[in-house]
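**Q** Please find start.txt (compact mmCIF, C-alpha atoms) on the next line:
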# COMPACT_ATOMS: atom_id res chain seq x y z
CA MET A 18 167.56 -34.32 83.99
CA GLN A 19 169.35 -37.41 82.99
CA PHE A 20 170.59 -36.51 79.57
CA PHE A 21 172.94 -33.85 80.94
CA GLY A 22 174.75 -35.97 83.44
CA GLY A 23 177.57 -34.52 85.50
CA SER A 24 177.48 -30.91 84.40
CA GLU A 25 179.10 -28.40 86.72
CA ILE A 26 177.04 -25.43 85.65
CA SER A 27 175.06 -23.78 88.39
CA PRO A 28 172.14 -23.44 89.08
CA SER A 29 171.44 -27.12 89.06
CA PRO A 30 168.48 -28.14 86.92
CA PRO A 31 165.11 -28.42 88.56
CA THR A 32 163.89 -32.00 88.72
CA PRO A 33 160.44 -32.43 87.22
CA ALA A 34 157.81 -33.69 89.59
CA ALA A 35 156.72 -36.85 87.84
CA THR A 36 159.73 -38.63 86.44
CA GLY A 37 159.76 -42.34 86.00
CA ALA A 38 162.98 -44.29 85.96
CA GLY A 39 165.05 -43.85 82.81
CA ASN A 40 164.98 -41.08 80.27
CA ASN A 41 162.21 -38.58 80.20
CA ALA A 42 162.73 -36.98 76.84
CA HIS A 43 162.16 -38.27 73.34
CA MET A 44 163.86 -35.63 71.20
CA ILE A 45 165.45 -32.21 71.32
CA TYR A 46 165.79 -29.68 68.50
CA LEU A 47 167.64 -26.38 68.47
CA PHE A 48 167.09 -23.87 65.66
CA ASN A 49 168.57 -20.51 64.97
CA ARG A 50 166.69 -17.57 63.49
CA ASN A 51 167.36 -18.59 59.91
CA GLY A 52 165.89 -22.05 60.27
CA VAL A 53 169.20 -23.86 60.44
CA CYS A 54 168.88 -26.82 62.74
CA LEU A 55 171.79 -26.46 65.11
CA LEU A 56 171.18 -29.57 67.13
CA TYR A 57 168.96 -32.61 66.91
CA ARG A 58 169.18 -35.53 69.32
CA GLU A 59 166.76 -38.37 69.82
CA TRP A 60 166.58 -40.88 72.62
CA ASN A 61 163.29 -42.55 72.08
CA ARG A 62 161.72 -42.30 68.67
CA PRO A 63 160.17 -45.52 67.46
CA LEU A 64 158.62 -44.08 64.30
CA HIS A 65 160.53 -42.19 61.60
CA THR A 66 158.28 -40.73 58.95
CA LEU A 67 160.43 -38.19 57.11
CA ASN A 68 164.06 -37.82 56.20
CA PRO A 69 165.99 -35.47 58.51
CA GLN A 70 165.94 -32.34 56.29
CA GLN A 71 162.22 -32.51 55.77
CA ASP A 72 161.71 -33.23 59.42
CA HIS A 73 163.68 -30.14 60.44
CA LYS A 74 161.91 -27.96 57.92
CA LEU A 75 158.55 -29.21 59.07
CA MET A 76 159.36 -28.61 62.70
CA PHE A 77 160.67 -25.13 62.07
CA GLY A 78 157.75 -24.21 59.86
CA LEU A 79 155.25 -25.54 62.37
CA LEU A 80 156.70 -23.53 65.21
CA PHE A 81 157.09 -20.39 63.17
CA SER A 82 153.45 -20.52 62.12
CA LEU A 83 152.21 -21.46 65.57
CA LYS A 84 154.07 -18.60 67.16
CA SER A 85 152.75 -16.18 64.58
CA LEU A 86 149.22 -17.46 65.06
CA ALA A 87 149.42 -17.25 68.83
CA ALA A 88 150.68 -13.68 68.66
CA LYS A 89 147.97 -12.60 66.24
CA MET A 90 145.17 -14.18 68.22
CA ASP A 91 146.26 -12.58 71.45
CA PRO A 92 143.21 -10.89 72.98
CA THR A 93 145.26 -8.67 75.27
CA SER A 94 147.69 -7.17 72.80
CA ALA A 95 146.99 -3.77 71.31
CA ASP A 96 148.62 -3.98 67.91
CA LYS A 97 147.47 -6.54 65.38
CA GLY A 98 148.90 -6.74 61.94
CA ASN A 99 147.50 -9.09 59.35
CA LEU A 100 148.30 -12.74 59.64
CA GLY A 101 151.53 -13.45 57.83
CA VAL A 102 153.19 -10.12 58.62
CA PRO A 103 156.64 -10.96 59.98
CA GLN A 104 157.16 -10.26 63.67
CA LEU A 105 160.26 -9.32 65.57
CA PRO A 106 161.61 -12.34 67.44
CA GLY A 107 160.30 -12.31 70.96
CA GLN A 108 157.64 -9.71 70.39
CA GLY A 109 154.09 -10.43 71.40
CA CYS A 110 153.14 -13.50 73.30
CA SER A 111 154.64 -16.84 72.45
CA PHE A 112 153.23 -20.26 73.10
CA HIS A 113 155.10 -22.53 75.53
CA SER A 114 153.97 -26.03 74.83
CA PHE A 115 151.36 -28.25 73.32
CA ARG A 116 150.33 -31.71 74.39
CA THR A 117 148.84 -34.63 72.56
CA ASN A 118 147.90 -37.99 73.99
CA THR A 119 151.30 -39.45 73.13
CA TYR A 120 153.78 -36.61 73.67
CA LYS A 121 154.29 -33.07 74.90
CA LEU A 122 156.28 -30.51 72.94
CA SER A 123 157.84 -27.61 74.88
CA PHE A 124 159.21 -24.55 73.16
CA MET A 125 161.25 -21.54 74.13
CA GLU A 126 162.52 -18.73 71.96
CA THR A 127 165.13 -16.21 72.95
CA PRO A 128 165.10 -12.62 71.71
CA SER A 129 168.14 -13.47 69.65
CA GLY A 130 166.11 -15.99 67.67
CA ILE A 131 167.42 -19.25 69.11
CA LYS A 132 164.57 -21.74 69.45
CA PHE A 133 164.65 -24.68 71.87
CA ILE A 134 162.24 -27.55 71.37
CA LEU A 135 161.90 -30.51 73.68
CA VAL A 136 159.58 -33.45 73.00
CA THR A 137 158.81 -35.50 76.10
CA ASN A 138 156.20 -37.82 77.50
CA PRO A 139 152.81 -36.22 78.11
CA ARG A 140 152.96 -36.28 81.89
CA THR A 141 155.86 -33.79 82.04
CA GLY A 142 155.23 -30.59 83.95
CA ASP A 143 156.12 -27.10 82.86
CA LEU A 144 159.56 -27.25 81.30
CA ARG A 145 160.30 -23.55 80.95
CA GLU A 146 162.93 -23.58 83.68
CA THR A 147 164.54 -26.59 82.08
CA LEU A 148 164.67 -24.89 78.72
CA LYS A 149 166.25 -21.85 80.35
CA TYR A 150 168.83 -24.11 81.89
CA ILE A 151 169.55 -25.61 78.49
CA TYR A 152 169.94 -22.10 77.13
CA ASN A 153 172.53 -21.40 79.80
CA LEU A 154 174.40 -24.52 78.78
CA TYR A 155 174.20 -23.44 75.15
CA VAL A 156 175.75 -20.12 76.09
CA GLU A 157 178.46 -21.69 78.16
CA TYR A 158 179.58 -24.30 75.69
CA VAL A 159 178.52 -23.13 72.27
CA ALA A 160 178.49 -19.34 72.24
CA LYS A 161 181.74 -19.16 74.13
CA ASN A 162 183.46 -21.78 72.03
CA PRO A 163 186.03 -20.07 69.79
CA LEU A 164 186.01 -22.92 67.31
CA TYR A 165 182.28 -22.72 66.66
CA SER A 166 181.02 -20.49 63.85
CA PRO A 167 177.54 -19.11 64.54
CA GLY A 168 174.90 -20.47 62.22
CA THR A 169 176.40 -23.88 61.65
CA PRO A 170 175.20 -27.12 63.20
CA ILE A 171 176.72 -28.03 66.53
CA ARG A 172 178.96 -31.08 66.51
CA MET B 14 154.95 -20.63 87.68
CA PRO B 15 155.52 -16.93 86.89
CA PRO B 16 158.66 -16.22 84.87
CA ALA B 17 161.65 -14.97 86.89
CA ALA B 18 162.19 -11.23 87.03
CA PRO B 19 165.20 -9.79 85.21
CA ARG B 20 168.29 -9.73 87.40
CA SER B 21 170.16 -6.54 88.07
CA GLY B 22 173.59 -5.89 86.66
CA GLU B 23 175.36 -5.95 90.00
CA ALA B 24 173.89 -9.28 90.96
CA ILE B 25 175.08 -10.91 87.77
CA PHE B 26 178.46 -9.21 87.90
CA ALA B 27 178.94 -10.63 91.36
CA SER B 28 178.00 -14.12 90.28
CA VAL B 29 180.05 -14.58 87.10
CA GLU B 30 183.71 -15.49 86.98
CA ARG B 31 185.90 -12.44 86.71
CA VAL B 32 189.40 -11.90 85.40
CA ASN B 33 191.91 -9.46 86.79
CA ALA B 34 191.16 -5.96 85.47
CA GLU B 35 194.78 -5.18 84.75
CA LEU B 36 195.22 -8.40 82.83
CA PHE B 37 192.23 -7.48 80.72
CA THR B 38 193.46 -3.94 80.09
CA LEU B 39 196.97 -5.05 79.23
CA THR B 40 195.76 -7.82 76.94
CA TYR B 41 193.56 -5.37 75.07
CA GLY B 42 196.43 -2.96 74.82
CA ALA B 43 198.64 -5.67 73.40
CA ILE B 44 196.00 -6.52 70.80
CA VAL B 45 195.73 -2.91 69.65
CA ARG B 46 199.50 -2.56 69.59
CA GLN B 47 199.85 -5.66 67.46
CA LEU B 48 197.12 -4.51 65.08
CA LEU B 49 198.90 -1.22 64.64
CA THR B 50 202.13 -3.00 63.82
CA ASP B 51 200.44 -5.39 61.38
CA LEU B 52 198.13 -3.03 59.60
CA GLU B 53 199.93 0.30 60.02
CA GLU B 54 196.95 2.34 58.75
CA VAL B 55 194.92 3.82 61.59
CA ASP B 56 191.66 3.53 59.64
CA GLU B 57 192.31 -0.12 58.96
CA VAL B 58 192.90 -0.72 62.63
CA ASN B 59 189.66 1.04 63.49
CA LYS B 60 187.79 -1.15 61.03
CA GLN B 61 189.43 -4.29 62.30
CA LEU B 62 188.60 -3.46 65.90
CA ASP B 63 185.00 -2.86 64.90
CA GLN B 64 184.87 -6.20 63.09
CA MET B 65 186.34 -7.99 66.09
CA GLY B 66 183.78 -6.31 68.27
CA TYR B 67 181.02 -7.41 65.92
CA ASN B 68 182.12 -11.05 66.14
CA ILE B 69 182.19 -10.79 69.91
CA GLY B 70 178.79 -9.09 70.00
CA ILE B 71 176.94 -11.77 68.11
CA ARG B 72 177.94 -14.33 70.74
CA LEU B 73 177.80 -12.01 73.71
CA ILE B 74 174.10 -11.34 73.19
CA ASP B 75 173.20 -14.95 74.03
CA GLU B 76 175.18 -14.82 77.23
CA PHE B 77 173.58 -11.52 78.13
CA LEU B 78 170.08 -12.81 77.49
CA ALA B 79 170.66 -16.05 79.35
CA LYS B 80 172.19 -14.52 82.45
CA SER B 81 170.07 -11.42 82.77
CA ASN B 82 166.74 -13.10 82.08
CA VAL B 83 165.24 -10.10 80.34
CA SER B 84 162.27 -10.41 78.11
CA ARG B 85 161.91 -8.54 74.88
CA CYS B 86 162.41 -4.79 75.21
CA VAL B 87 159.38 -2.85 74.12
CA ASP B 88 161.21 -0.08 72.31
CA PHE B 89 164.63 1.30 71.59
CA LYS B 90 164.68 3.44 74.74
CA GLU B 91 164.37 0.40 76.92
CA THR B 92 167.02 -1.35 74.89
CA ALA B 93 169.48 1.48 75.42
CA GLU B 94 168.77 1.48 79.15
CA MET B 95 169.37 -2.27 79.25
CA ILE B 96 172.70 -1.94 77.49
CA ALA B 97 173.88 0.85 79.73
CA LYS B 98 172.62 -0.37 83.09
CA VAL B 99 172.76 -4.15 82.83
CA GLY B 100 175.08 -4.92 79.96
CA PHE B 101 178.00 -2.68 80.76
CA LYS B 102 177.71 -3.50 84.46
CA MET B 103 177.62 -7.21 83.79
CA PHE B 104 180.55 -7.43 81.44
CA LEU B 105 182.86 -4.58 82.34
CA GLY B 106 181.74 -3.70 85.84
CA VAL B 107 181.15 -0.05 85.02
CA THR B 108 177.90 1.87 85.07
CA ALA B 109 176.98 3.85 82.04
CA SER B 110 174.20 6.36 81.62
CA VAL B 111 171.96 7.16 78.70
CA MET B 112 171.24 10.69 77.62
CA ASN B 113 170.64 12.99 74.66
CA TRP B 114 167.62 11.31 73.19
CA ASP B 115 166.60 12.80 69.91
CA ALA B 116 163.03 13.63 68.92
CA ASP B 117 161.91 10.26 67.55
CA GLY B 118 163.74 8.16 70.07
CA THR B 119 166.02 6.46 67.59
CA CYS B 120 169.32 7.99 68.59
CA CYS B 121 170.91 8.30 72.00
CA SER B 122 174.26 8.69 73.69
CA ILE B 123 175.73 6.33 76.21
CA LEU B 124 178.13 7.99 78.60
CA LEU B 125 180.84 6.00 80.36
CA GLU B 126 182.36 7.60 83.41
CA ASP B 127 185.29 5.28 83.60
CA ASN B 128 186.47 2.83 81.06
CA PRO B 129 188.62 -0.12 82.11
CA LEU B 130 190.04 -0.56 78.62
CA VAL B 131 192.00 2.68 78.70
CA ASP B 132 193.78 2.52 82.04
CA PHE B 133 197.44 3.39 81.58
CA VAL B 134 196.93 4.31 77.92
CA GLU B 135 198.23 7.34 76.07
CA LEU B 136 197.93 7.84 72.35
CA PRO B 137 201.14 8.88 70.59
CA ASP B 138 201.13 11.56 67.89
CA THR B 139 201.38 9.03 65.08
CA CYS B 140 198.03 7.47 66.00
CA GLN B 141 195.82 10.44 66.49
CA GLY B 142 193.00 9.08 64.34
CA LEU B 143 192.74 5.87 66.31
CA TYR B 144 189.53 4.99 68.13
CA TYR B 145 191.12 2.92 70.86
CA CYS B 146 187.84 1.55 72.19
CA ASN B 147 186.29 0.84 68.83
CA ILE B 148 185.81 -2.74 69.86
CA LEU B 149 183.00 -1.59 72.14
CA SER B 150 181.10 -0.03 69.29
CA GLY B 151 181.42 -3.27 67.32
CA VAL B 152 180.15 -5.29 70.27
CA ILE B 153 177.04 -3.16 70.62
CA ARG B 154 176.38 -3.23 66.90
CA GLY B 155 176.77 -7.02 66.72
CA ALA B 156 174.64 -7.69 69.75
CA LEU B 157 171.80 -5.47 68.57
CA GLU B 158 171.87 -6.99 65.12
CA MET B 159 171.14 -10.40 66.65
CA VAL B 160 168.01 -8.99 68.27
CA ALA B 161 166.72 -7.63 64.98
CA MET B 162 167.95 -4.04 65.21
CA LYS B 163 170.32 -2.54 62.69
CA THR B 164 172.27 0.22 64.34
CA GLU B 165 175.18 2.50 63.79
CA VAL B 166 177.49 3.15 66.72
CA THR B 167 180.08 5.90 66.72
CA TRP B 168 182.30 7.62 69.27
CA ILE B 169 181.45 11.21 69.99
CA ARG B 170 183.82 11.97 72.80
CA ASP B 171 186.94 10.07 73.63
CA MET B 172 189.15 10.89 76.59
CA LEU B 173 192.27 9.72 74.82
CA ARG B 174 191.75 12.47 72.31
CA GLY B 175 191.41 15.16 74.89
CA ASP B 176 187.69 15.21 75.67
CA ASP B 177 186.41 14.89 79.18
CA ALA B 178 184.38 11.69 78.97
CA TYR B 179 183.61 8.67 76.82
CA GLU B 180 180.47 9.06 74.83
CA LEU B 181 179.08 6.57 72.33
CA GLN B 182 176.29 7.45 69.99
CA VAL B 183 173.91 4.62 69.15
CA LYS B 184 171.58 5.25 66.25
CA LEU B 185 168.84 2.83 65.29
CA LEU B 186 168.68 2.46 61.52
CA LYS B 187 165.86 -0.03 61.29
CA GLN B 188 164.25 -3.00 62.94
CA VAL B 189 164.45 -6.17 60.91
CA PRO B 190 161.52 -8.50 61.56
CA GLU B 191 161.84 -12.23 61.31
CA GLU B 192 160.91 -13.80 58.01
CA TYR B 193 160.15 -17.32 57.08
CA PRO B 194 163.44 -18.50 55.65
CA TYR B 195 162.25 -21.33 53.47
CA LYS B 196 160.80 -20.63 50.07
CA ASP B 197 157.39 -22.08 49.39
CA ASP B 198 158.29 -24.02 46.32
CA GLU B 199 159.71 -27.10 47.95
Can you give me the file's structure in the form of structure tokens?
**A**
Amino acid sequence: MQFFGGSEISPSPPTPAATGAGNNAHMIYLFNRNGVCLLYREWNRPLHTLNPQQDHKLMFGLLFSLKSLAAKMDPTSADKGNLGVPQLPGQGCSFHSFRTNTYKLSFMETPSGIKFILVTNPRTGDLRETLKYIYNLYVEYVAKNPLYSPGTPIR
Amino acid sequence: MPPAAPRSGEAIFASVERVNAELFTLTYGAIVRQLLTDLEEVDEVNKQLDQMGYNIGIRLIDEFLAKSNVSRCVDFKETAEMIAKVGFKMFLGVTASVMNWDADGTCCSILLEDNPLVDFVELPDTCQGLYYCNILSGVIRGALEMVAMKTEVTWIRDMLRGDDAYELQVKLLKQVPEEYPYKDDE
């Protein structure tokens, strides 16, 4: 993918099937389990509706609720608490993406509570492998960085 | 596309960059030596090693999850198996085994046959209370806390103190589910 040019991490990222010329992604968010936005980058966002703090809170809240809803409505899972009961991170099923007519939002959550969100154009295929690749990069450069304190935004 | 299966410990150990084992052992020995000189109290050193291990553990968990591709463990038994079979293999290159499960499945022992941290090490008489490998207990505690499990990890048997093996006891205190961090009154 073009926004991580020249990285030497292996495996190399899978190229999505339908990529036009130029950048594919609109925005990326990274949250930790406490709702702190660790990273936010935008490449193509013509419309700004909220200030950044509200935007992060909204995004985190949306995903938290969506994940909770998806887990509770799971027809194959045995245990169902009431809606609103907090869940262990990673437990139950988790949604991967949703698509509107103008964008597609892909989501991945690790068992340690790190959430990766990628907003791209609607024609993008399944981005789970890409998000895993980004997680590997996060591990390589952020988790292993001795100058980074966990829970603070990434510079 | 189906998600990739979890990779085995040996496969990951073979694929990551490794440092020389002796360098690792000697560096760790130098750290403990320096802590003993700075802090002088054996209990303080134990606590400091545990704290250092905790700081390592909270970062190590992300690397573990990213490289080993595991999904969420269903219960504590599976977690302990993961730590022993995949985790120890991946990071230290040794295989550990899990045994001595108690009745409710919240407490188990992890047995290490060989331990690369203690090659060439002998404890002198002045440091008999020292848990030389306490950093490992901190690492496990830190890592499990980041996956929502509060645990207590202690050493049961330690070869440097005259026992015949290294045995760590991992006890699950509670599971901490995720809560919505923002208050509703914004």
**Q** Excluding Glu158 in chain B and its own-chain neighbours fewer than 4 positions away, which residues fall within 9 Å of it when counting only C-alpha atoms? Please give them as a compact mmCIF listing (two decimals) with C-alpha atoms, in the frame of the given file.
**A**
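Output contents, as saved in selection-v9.txt:
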# COMPACT_ATOMS: atom_id res chain seq x y z
CA SER A 129 168.14 -13.47 69.65
CA GLY B 70 178.79 -9.09 70.00
CA ILE B 71 176.94 -11.77 68.11
CA ILE B 153 177.04 -3.16 70.62
CA ARG B 154 176.38 -3.23 66.90
CA MET B 162 167.95 -4.04 65.21
CA LYS B 163 170.32 -2.54 62.69
CA THR B 164 172.27 0.22 64.34
CA GLN B 188 164.25 -3.00 62.94
CA VAL B 189 164.45 -6.17 60.91
**Q** Got a sec: who's within 8 Å of range 44-56 of chain A, counting all atoms listed in the file, leaving out chain neighbours fewer than 3 positions off, as a PyMOL selection string?
**A** (chain A and resi 59-62+73-74+77+129-137+168-172) or (chain B and resi 191+193-195)
**Q** Can I get the selected residues back with C-alpha atoms, as a PDB file, in the coordinates of the input?
**A**
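File selection_21.pdb, as written:
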ATOM      1  CA  GLU A  59     166.760 -38.370  69.820  1.00  0.00           C
ATOM      2  CA  TRP A  60     166.580 -40.880  72.620  1.00  0.00           C
ATOM      3  CA  ASN A  61     163.290 -42.550  72.080  1.00  0.00           C
ATOM      4  CA  ARG A  62     161.720 -42.300  68.670  1.00  0.00           C
ATOM      5  CA  HIS A  73     163.680 -30.140  60.440  1.00  0.00           C
ATOM      6  CA  LYS A  74     161.910 -27.960  57.920  1.00  0.00           C
ATOM      7  CA  PHE A  77     160.670 -25.130  62.070  1.00  0.00           C
ATOM      8  CA  SER A 129     168.140 -13.470  69.650  1.00  0.00           C
ATOM      9  CA  GLY A 130     166.110 -15.990  67.670  1.00  0.00           C
ATOM     10  CA  ILE A 131     167.420 -19.250  69.110  1.00  0.00           C
ATOM     11  CA  LYS A 132     164.570 -21.740  69.450  1.00  0.00           C
ATOM     12  CA  PHE A 133     164.650 -24.680  71.870  1.00  0.00           C
ATOM     13  CA  ILE A 134     162.240 -27.550  71.370  1.00  0.00           C
ATOM     14  CA  LEU A 135     161.900 -30.510  73.680  1.00  0.00           C
ATOM     15  CA  VAL A 136     159.580 -33.450  73.000  1.00  0.00           C
ATOM     16  CA  THR A 137     158.810 -35.500  76.100  1.00  0.00           C
ATOM     17  CA  GLY A 168     174.900 -20.470  62.220  1.00  0.00           C
ATOM     18  CA  THR A 169     176.400 -23.880  61.650  1.00  0.00           C
ATOM     19  CA  PRO A 170     175.200 -27.120  63.200  1.00  0.00           C
ATOM     20  CA  ILE A 171     176.720 -28.030  66.530  1.00  0.00           C
ATOM     21  CA  ARG A 172     178.960 -31.080  66.510  1.00  0.00           C
TER      22      ARG A 172
ATOM     23  CA  GLU B 191     161.840 -12.230  61.310  1.00  0.00           C
ATOM     24  CA  TYR B 193     160.150 -17.320  57.080  1.00  0.00           C
ATOM     25  CA  PRO B 194     163.440 -18.500  55.650  1.00  0.00           C
ATOM     26  CA  TYR B 195     162.250 -21.330  53.470  1.00  0.00           C
TER      27      TYR B 195
END
**Q** So what do you get for CA of Lys161 in chain A versus CA of Asp63 in chain B, distance-wise?
**A** 19.0 Å
**Q** B:Ser81, B:Thr119, B:Gln141, B:Thr108: which is nearest Ser21 in chain B, counting only C-alpha atoms?
**A** B:Ser81
**Q** Find the spatial neighbours of Glu180 in chain B, counting only C-alpha atoms, within a cut-off of 8 Å - ignore same-chain residues fewer than 3 positions away - and output them as a list in words.
**A**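 Once the adjacent positions are removed, what remains is Ser122, Ile123, Leu124, Leu125, Trp168, Ile169, Arg170 and Asp171 of chain B.
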**Q** In terms of the shortest atom-to-atom distance over all atoms listed in the file, which of A:Asn162, A:Asn68, A:Thr119, A:Thr127 is closest to Ile74 in chain B?
**A**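 Checking each of A:Asn162, A:Asn68, A:Thr119, A:Thr127 against Ile74 in chain B, counting all atoms listed in the file, the winner is A:Thr127.
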**Q** Using all atoms listed in the file, which protein or nucleic acid residues come within 10 Å of range 100-105 of chain B? Drop anything in the same chain fewer than 6 positions from it, and give the result as a VMD selection string.
**A** chain B and resid 21 to 29 31 34 37 73 to 74 77 to 78 80 to 81 93 to 94 125 128 to 130 153
**Q** Could you check the closest approach to Asn153 in chain A for each of B:Gly106, B:Asp117, B:Glu76, B:Met112 and tell me which residue wins, using only C-alpha atoms?
**A**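 Going through B:Gly106, B:Asp117, B:Glu76, B:Met112 one by one, the smallest distance to Asn153 in chain A is for B:Glu76.
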**Q** Would you please work out which residue, of B:Lys98, B:Arg46, B:Lys187, B:Arg72, is nearest to chain A when using only C-alpha atoms?
**A**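 Going through B:Lys98, B:Arg46, B:Lys187, B:Arg72 one by one, the smallest distance to chain A is for B:Arg72.
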**Q** From the list B:Ile148, B:Ala79, B:Val166, B:Ala156, which residue is nearest chain A when using all atoms listed in the file?
**A** B:Ala79
**Q** Go through B:Ile69, B:Cys120, B:Val111, B:Leu136 one by one, measure the shortest atom-to-atom distance of each to chain A using all atoms listed in the file, and give the residue with the smallest value.
**A**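 Under the stated criterion, the closest residue is B:Ile69.
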**Q** Using all atoms listed in the file, what residues lie at most 9 Å away from (155.7, -26.7, 82.9) (file coordinates), given as a ChimeraX atom specification?
**A** /A:33,113-114,123,141-147 /B:14
**Q** As an exercise, work out the distance from CA of Gln47 in chain B to CA of Gly175 in chain B in Å and give it to one decimal place.
**A** 23.7 Å
**Q** Which value, in Å to one decimal, gives the distance between CA of Leu164 in chain A and CA of Glu53 in chain B?
**A**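 That distance, rounded to one decimal, is 28.0 Å.
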